[in-house]
$ cat protein_8.cif   # mmCIF, C-alpha atoms
data_my_file
loop_
_atom_site.group_PDB
_atom_site.id
_atom_site.type_symbol
_atom_site.label_atom_id
_atom_site.label_comp_id
_atom_site.auth_asym_id
_atom_site.auth_seq_id
_atom_site.Cartn_x
_atom_site.Cartn_y
_atom_site.Cartn_z
ATOM 1 C CA MET W 1 81.115 118.584 180.091
ATOM 2 C CA LYS W 2 81.844 115.374 178.158
ATOM 3 C CA ILE W 3 78.857 116.017 175.892
ATOM 4 C CA LYS W 4 80.151 119.514 175.060
ATOM 5 C CA ILE W 5 83.605 118.132 174.223
ATOM 6 C CA LEU W 6 82.127 115.403 171.992
ATOM 7 C CA LEU W 7 79.867 117.943 170.288
ATOM 8 C CA PHE W 8 82.841 120.240 169.664
ATOM 9 C CA PHE W 9 84.895 117.455 168.032
ATOM 10 C CA PHE W 10 81.875 116.347 165.990
ATOM 11 C CA ILE W 11 81.381 119.870 164.576
ATOM 12 C CA ILE W 12 85.096 120.204 163.756
ATOM 13 C CA THR W 13 85.142 116.795 162.047
ATOM 14 C CA VAL W 14 82.041 117.552 159.978
ATOM 15 C CA SER W 15 83.352 120.962 158.980
ATOM 16 C CA PHE W 16 86.518 119.528 157.467
ATOM 17 C CA SER W 17 85.036 116.400 155.878
ATOM 18 C CA PHE W 18 83.091 116.096 152.658
ATOM 19 C CA SER W 19 80.193 114.083 151.354
ATOM 20 C CA GLN W 20 80.087 112.363 147.975
ATOM 21 C CA LEU W 21 78.340 115.423 146.518
ATOM 22 C CA ASN W 22 81.003 117.843 147.805
ATOM 23 C CA THR W 23 83.710 116.080 145.827
ATOM 24 C CA SER W 24 81.984 116.766 142.482
ATOM 25 C CA LYS W 25 82.461 119.784 140.214
ATOM 26 C CA PHE W 26 79.096 119.830 138.454
ATOM 27 C CA LEU W 27 75.549 119.015 139.480
ATOM 28 C CA VAL W 28 72.586 118.754 137.078
ATOM 29 C CA SER W 29 69.110 118.507 138.628
ATOM 30 C CA GLY W 30 65.488 118.109 137.659
ATOM 31 C CA LYS W 31 62.935 119.297 140.205
ATOM 32 C CA THR W 32 59.312 120.071 140.918
ATOM 33 C CA SER W 33 57.524 121.826 143.765
ATOM 34 C CA LEU W 34 54.156 123.028 144.972
ATOM 35 C CA GLY W 35 53.753 126.347 146.720
ATOM 36 C CA HIS W 36 51.151 128.732 148.091
ATOM 37 C CA SER W 37 50.833 132.496 148.400
ATOM 38 C CA ASN W 38 47.992 134.909 149.116
ATOM 39 C CA LEU W 39 46.838 134.434 145.509
ATOM 40 C CA GLY W 40 46.531 130.650 145.812
ATOM 41 C CA PHE W 41 48.589 127.621 144.803
ATOM 42 C CA TYR W 42 51.298 127.530 142.159
ATOM 43 C CA GLY W 43 53.367 124.741 140.631
ATOM 44 C CA ASN W 44 57.031 124.953 139.803
ATOM 45 C CA TYR W 45 59.124 122.583 137.687
ATOM 46 C CA GLY W 46 62.412 122.811 135.886
ATOM 47 C CA PHE W 47 66.129 122.168 135.767
ATOM 48 C CA SER W 48 69.180 123.578 137.463
ATOM 49 C CA PHE W 49 72.892 123.443 136.765
ATOM 50 C CA GLU W 50 75.456 124.005 139.488
ATOM 51 C CA ARG W 51 79.207 124.500 139.475
ATOM 52 C CA ILE W 52 80.734 123.666 142.872
ATOM 53 C CA PHE W 53 83.901 125.531 143.913
ATOM 54 C CA ASN W 54 86.244 124.583 146.771
ATOM 55 C CA LYS W 55 83.908 121.703 147.692
ATOM 56 C CA ARG W 56 81.545 124.158 149.435
ATOM 57 C CA ILE W 57 80.281 127.083 147.339
ATOM 58 C CA GLY W 58 78.079 126.507 144.316
ATOM 59 C CA ALA W 59 77.074 128.853 141.483
ATOM 60 C CA VAL W 60 73.506 127.941 140.453
ATOM 61 C CA TYR W 61 71.681 128.435 137.151
ATOM 62 C CA ASN W 62 67.918 127.750 137.135
ATOM 63 C CA LEU W 63 65.482 127.330 134.265
ATOM 64 C CA GLU W 64 61.965 126.864 135.659
ATOM 65 C CA GLY W 65 58.338 127.030 134.667
ATOM 66 C CA ILE W 66 55.850 128.500 137.147
ATOM 67 C CA SER W 67 52.202 127.633 136.663
ATOM 68 C CA ARG W 68 49.665 129.891 138.380
ATOM 69 C CA LYS W 69 45.890 130.109 138.216
ATOM 70 C CA ASN W 70 45.786 132.764 135.511
ATOM 71 C CA ASN W 71 49.162 132.661 133.800
ATOM 72 C CA PHE W 72 52.465 130.933 133.206
ATOM 73 C CA GLY W 73 55.956 132.202 133.970
ATOM 74 C CA LEU W 74 59.397 131.170 132.778
ATOM 75 C CA HIS W 75 62.222 131.792 135.258
ATOM 76 C CA ALA W 76 65.789 132.255 134.003
ATOM 77 C CA PRO W 77 69.018 133.862 135.225
ATOM 78 C CA MET W 78 69.138 137.611 134.662
ATOM 79 C CA GLY W 79 72.221 137.305 132.464
ATOM 80 C CA ILE W 80 70.381 135.220 129.865
ATOM 81 C CA ALA W 81 68.240 138.230 128.993
ATOM 82 C CA GLY W 82 70.765 141.029 129.453
ATOM 83 C CA GLY W 83 73.937 139.320 128.226
ATOM 84 C CA PRO W 84 72.975 138.804 124.554
ATOM 85 C CA ILE W 85 71.603 142.370 124.288
ATOM 86 C CA LEU W 86 74.830 143.910 125.597
ATOM 87 C CA PHE W 87 76.917 141.542 123.462
ATOM 88 C CA ALA W 88 74.939 142.440 120.317
ATOM 89 C CA ALA W 89 75.372 146.158 121.051
ATOM 90 C CA GLY W 90 79.121 145.610 121.365
ATOM 91 C CA ILE W 91 79.277 143.760 118.043
ATOM 92 C CA ALA W 92 77.250 146.542 116.386
ATOM 93 C CA ASN W 93 79.708 149.154 117.662
ATOM 94 C CA GLU W 94 82.654 147.148 116.361
ATOM 95 C CA VAL W 95 81.316 146.747 112.836
ATOM 96 C CA ASP W 96 80.066 150.320 112.357
ATOM 97 C CA LYS W 97 82.356 152.869 110.763
ATOM 98 C CA ASP W 98 82.428 155.233 113.727
ATOM 99 C CA THR W 99 85.982 155.029 115.076
ATOM 100 C CA SER W 100 85.116 157.119 118.137
ATOM 101 C CA THR W 101 83.209 154.239 119.764
ATOM 102 C CA SER W 102 84.416 150.778 120.679
ATOM 103 C CA GLY W 103 82.360 147.661 121.172
ATOM 104 C CA THR W 104 84.914 145.929 123.380
ATOM 105 C CA PHE W 105 83.090 146.822 126.596
ATOM 106 C CA GLY W 106 79.795 145.522 125.224
ATOM 107 C CA ILE W 107 81.302 142.261 123.968
ATOM 108 C CA ILE W 108 83.209 141.478 127.173
ATOM 109 C CA GLY W 109 80.417 142.792 129.418
ATOM 110 C CA GLY W 110 77.823 140.784 127.526
ATOM 111 C CA LEU W 111 79.809 137.557 127.903
ATOM 112 C CA LEU W 112 80.405 138.170 131.618
ATOM 113 C CA LEU W 113 76.756 139.023 132.192
ATOM 114 C CA PHE W 114 75.645 135.928 130.276
ATOM 115 C CA ILE W 115 77.604 133.601 132.584
ATOM 116 C CA LEU W 116 76.408 135.382 135.752
ATOM 117 C CA PRO W 117 74.667 132.766 137.947
ATOM 118 C CA ASP W 118 71.103 132.932 139.197
ATOM 119 C CA GLY W 119 72.258 132.353 142.767
ATOM 120 C CA ILE W 120 74.681 130.711 145.178
ATOM 121 C CA THR W 121 74.521 127.781 147.553
ATOM 122 C CA TYR W 122 76.643 126.515 150.440
ATOM 123 C CA HIS W 123 77.153 122.760 150.852
ATOM 124 C CA HIS W 124 77.530 121.254 154.287
ATOM 125 C CA ASN W 125 77.691 117.510 154.765
ATOM 126 C CA ILE W 126 76.100 115.646 157.648
ATOM 127 C CA GLY W 127 77.485 112.301 156.543
ATOM 128 C CA TYR W 128 79.058 110.678 153.495
ATOM 129 C CA TYR W 129 75.645 110.136 151.893
ATOM 130 C CA TRP W 130 73.934 113.332 153.138
ATOM 131 C CA ASP W 131 74.372 116.952 152.138
ATOM 132 C CA VAL W 132 72.503 120.037 153.398
ATOM 133 C CA SER W 133 72.713 123.222 151.339
ATOM 134 C CA PRO W 134 71.039 126.571 152.002
ATOM 135 C CA TYR W 135 70.738 128.715 148.884
ATOM 136 C CA ALA W 136 69.882 132.217 147.724
ATOM 137 C CA ASN W 137 68.827 132.948 144.144
ATOM 138 C CA LEU W 138 69.067 136.721 143.832
ATOM 139 C CA LEU W 139 69.605 137.393 140.123
ATOM 140 C CA GLY W 140 66.568 135.936 138.417
ATOM 141 C CA LEU W 141 64.041 137.137 135.881
ATOM 142 C CA GLU W 142 60.574 135.829 135.097
ATOM 143 C CA PHE W 143 59.056 136.064 131.652
ATOM 144 C CA GLU W 144 55.305 136.188 132.244
ATOM 145 C CA PHE W 145 53.087 134.832 129.455
ATOM 146 C CA ASN W 146 49.430 135.678 128.833
ATOM 147 C CA ASP W 147 46.624 133.450 127.525
ATOM 148 C CA GLN W 148 47.860 133.955 123.939
ATOM 149 C CA HIS W 149 51.271 132.526 124.914
ATOM 150 C CA LYS W 150 52.964 135.882 124.354
ATOM 151 C CA VAL W 151 55.360 137.543 126.807
ATOM 152 C CA ASP W 152 53.189 139.931 128.805
ATOM 153 C CA ALA W 153 55.776 141.184 131.299
ATOM 154 C CA LEU W 154 59.361 140.783 132.468
ATOM 155 C CA LYS W 155 59.782 140.799 136.246
ATOM 156 C CA TYR W 156 62.530 140.424 138.828
ATOM 157 C CA ALA W 157 62.424 137.097 140.705
ATOM 158 C CA CYS W 158 64.274 135.668 143.689
ATOM 159 C CA SER W 159 64.076 132.707 146.049
ATOM 160 C CA PHE W 160 65.641 131.519 149.296
ATOM 161 C CA GLY W 161 65.609 128.007 150.670
ATOM 162 C CA ILE W 162 67.380 124.967 152.020
ATOM 163 C CA LYS W 163 67.896 121.632 150.302
ATOM 164 C CA THR W 164 68.966 118.241 151.608
ATOM 165 C CA SER W 165 70.386 115.620 149.227
ATOM 166 C CA TYR W 166 70.928 111.890 149.688
ATOM 167 C CA LEU W 167 73.164 109.645 147.578
ATOM 168 C CA LEU W 168 71.154 106.826 145.989
ATOM 169 C CA LYS W 169 73.713 105.144 143.772
ATOM 170 C CA ASP W 170 77.033 106.170 142.231
ATOM 171 C CA ASN W 171 76.542 109.855 141.305
ATOM 172 C CA VAL W 172 72.741 109.945 141.536
ATOM 173 C CA PHE W 173 71.077 111.901 144.358
ATOM 174 C CA CYS W 174 67.512 112.485 145.441
ATOM 175 C CA PHE W 175 66.687 115.680 147.294
ATOM 176 C CA GLY W 176 63.948 117.601 149.003
ATOM 177 C CA TYR W 177 63.751 121.323 149.630
ATOM 178 C CA ILE W 178 61.677 124.077 151.170
ATOM 179 C CA GLU W 179 61.809 127.628 149.866
ATOM 180 C CA THR W 180 60.208 131.021 149.774
ATOM 181 C CA ARG W 181 60.065 132.866 146.464
ATOM 182 C CA LYS W 182 59.071 136.280 145.175
ATOM 183 C CA THR W 183 58.267 137.589 141.729
ATOM 184 C CA GLY W 184 57.627 141.291 141.136
ATOM 185 C CA GLY W 185 53.933 142.045 141.479
ATOM 186 C CA TYR W 186 53.185 138.816 143.364
ATOM 187 C CA PRO W 187 53.270 138.172 147.126
ATOM 188 C CA TRP W 188 55.882 135.973 148.746
ATOM 189 C CA GLY W 189 55.119 132.284 148.398
ATOM 190 C CA LEU W 190 56.204 129.247 150.392
ATOM 191 C CA GLY W 191 56.728 125.878 148.754
ATOM 192 C CA VAL W 192 58.173 122.397 149.156
ATOM 193 C CA GLY W 193 59.699 120.274 146.423
ATOM 194 C CA ILE W 194 61.591 117.153 145.419
ATOM 195 C CA GLY W 195 64.015 116.260 142.660
ATOM 196 C CA LEU W 196 66.839 114.120 141.283
ATOM 197 C CA SER W 197 70.441 115.164 140.663
ATOM 198 C CA MET W 198 73.447 113.739 138.880
ATOM 199 C CA SER W 199 77.005 114.830 139.633
ATOM 200 C CA PHE W 200 79.949 114.981 137.237
ATOM 201 C CA GLY W 201 83.665 115.573 137.561
ATOM 202 C CA LYS W 202 85.860 115.572 140.620
ATOM 203 C CA ASN W 203 87.104 118.567 142.602
#

$ encode --input "protein_8.cif" --output "structure tokens"
Amino acid sequence: MKIKILLFFFIITVSFSFSQLNTSKFLVSGKTSLGHSNLGFYGNYGFSFERIFNKRIGAVYNLEGISRKNNFGLHAPMGIAGGPILFAAGIANEVDKDTSTSGTFGIIGGLLLFILPDGITYHHNIGYYWDVSPYANLLGLEFEFNDQHKVDALKYACSFGIKTSYLLKDNVFCFGYIETRKTGGYPWGLGVGIGLSMSFGKN
């Protein structure tokens, strides 16, 4: 009975306390990973930017390169591709002489789409120096390049995983993660990775 009571108070305390990472507004990370699917091994490397809200929820933007046996892919948030196109269409409608159409929707929609994050994460501390954060990246695109370094295809991409971060010094963190990822036309892959992060601002 005593163990259950102690466990209950521990969970409550952890739920309402924050780690060093939780108190920051922005997180910039560099990362690399190695994964495997039915088609063989792949390497992944890139950067991510995260805006943390309410010390728990993060909006994540990823820019990653994926190296496979026969090609190379560039992962980016969906809004990066769709936002400028919609914005440009809105501008075109505003400057044409047809008064029956308005470009306001395209301009505003393009800006909103452009800032749409790749995914979300939830931060949960297990100590002042430790942070555990499951994440889901649901709004990604992959630009697939052929041997001539030209875009061969544009495919939907997503990933799900969990990351644990540890404070090294001041606002510098190291982290490790495990994830599963999917790109249209390819089987699900499973990978592990490491990286470094730097936090900025205070919530």

$ residues_near_point --input "protein_8.cif" --point "(56.6, 137.4, 139.8)" --cutoff "9 Å" --atoms "all atoms listed in the file" --output "ChimeraX atom specification"
/W:73,141-144,154-158,181-187

$ closest_residue --input "protein_8.cif" --among "W:His36, W:Tyr129, W:Ile115, W:Tyr61" --to "Glu179 (chain W)" --atoms "all atoms listed in the file"
W:His36

$ resolve_selection --input "protein_8.cif" --expression "the PyMOL selection byres ((chain W and resi 62-69) around 6)" --output "PDB file with C-alpha atoms, in the frame of the given file"
ATOM      1  CA  TYR W  42      51.298 127.530 142.159  1.00  0.00           C
ATOM      2  CA  GLY W  43      53.367 124.741 140.631  1.00  0.00           C
ATOM      3  CA  ASN W  44      57.031 124.953 139.803  1.00  0.00           C
ATOM      4  CA  TYR W  45      59.124 122.583 137.687  1.00  0.00           C
ATOM      5  CA  GLY W  46      62.412 122.811 135.886  1.00  0.00           C
ATOM      6  CA  PHE W  47      66.129 122.168 135.767  1.00  0.00           C
ATOM      7  CA  SER W  48      69.180 123.578 137.463  1.00  0.00           C
ATOM      8  CA  TYR W  61      71.681 128.435 137.151  1.00  0.00           C
ATOM      9  CA  ASN W  70      45.786 132.764 135.511  1.00  0.00           C
ATOM     10  CA  ASN W  71      49.162 132.661 133.800  1.00  0.00           C
ATOM     11  CA  PHE W  72      52.465 130.933 133.206  1.00  0.00           C
ATOM     12  CA  GLY W  73      55.956 132.202 133.970  1.00  0.00           C
ATOM     13  CA  LEU W  74      59.397 131.170 132.778  1.00  0.00           C
ATOM     14  CA  HIS W  75      62.222 131.792 135.258  1.00  0.00           C
ATOM     15  CA  ALA W  76      65.789 132.255 134.003  1.00  0.00           C
TER      16      ALA W  76
END

$ closest_residue --input "protein_8.cif" --among "W:Ile126, W:Val151, W:Leu167, W:Ile178" --to "Ser199 (chain W)" --atoms "only C-alpha atoms"
W:Leu167

$ closest_residue --input "protein_8.cif" --among "W:Gly193, W:Gly110, W:Gly119, W:Gly176" --to "Ile80 (chain W)" --atoms "only C-alpha atoms"
W:Gly110

$ atom_distance --input "protein_8.cif" --atom1 "CA of Gly161 (chain W)" --atom2 "CA of Leu196 (chain W)"
16.8 Å

$ atom_distance --input "protein_8.cif" --atom1 "CA of Thr180 (chain W)" --atom2 "CA of Ala136 (chain W)"
10.0 Å

$ atom_distance --input "protein_8.cif" --atom1 "CA of Ser165 (chain W)" --atom2 "CA of Tyr128 (chain W)"
10.9 Å

$ residues_near_point --input "protein_8.cif" --point "(61.7, 123.8, 152.0)" --cutoff "12 Å" --atoms "all atoms listed in the file" --output "list in words"
Thr32, Ser33, Leu34, Gly35, Val132, Ser133, Pro134, Tyr135, Ser159, Phe160, Gly161, Ile162, Lys163, Thr164, Phe175, Gly176, Tyr177, Ile178, Glu179, Thr180, Arg181, Gly189, Leu190, Gly191, Val192, Gly193 and Ile194 of chain W

$ resolve_selection --input "protein_8.cif" --expression "the PyMOL selection byres ((chain W and resi 82) around 10)" --output "JSON, numbers by chain"
{"W": [77, 78, 79, 80, 81, 83, 84, 85, 86, 87, 109, 110, 111, 113, 114]}

$ resolve_selection --input "protein_8.cif" --expression "the PyMOL selection byres ((chain W and resi 170) around 12)" --output "number ranges by chain"
W: 20-21, 24, 129, 166-169, 171-174, 197-200

$ closest_residue --input "protein_8.cif" --among "W:Asp131, W:Gly201, W:Asn146, W:Leu139" --to "Arg51 (chain W)" --atoms "all atoms listed in the file"
W:Gly201

$ axis_aligned_box --input "protein_8.cif" --around "region 20-36 of chain W" --padding-each-side "5 Å" --output "lines of an AutoDock Vina configuration file"
center_x = 67.4
center_y = 120.5
center_z = 142.6
size_x = 42.6
size_y = 26.4
size_z = 21.0

$ closest_residue --input "protein_8.cif" --among "W:Asp152, W:Trp130, W:Phe26, W:Trp188" --to "Asn38 (chain W)" --atoms "all atoms listed in the file"
W:Trp188

$ closest_residue --input "protein_8.cif" --among "W:Ser29, W:Lys202, W:Ala59, W:Leu138" --to "Ile120 (chain W)" --atoms "only C-alpha atoms"
W:Ala59
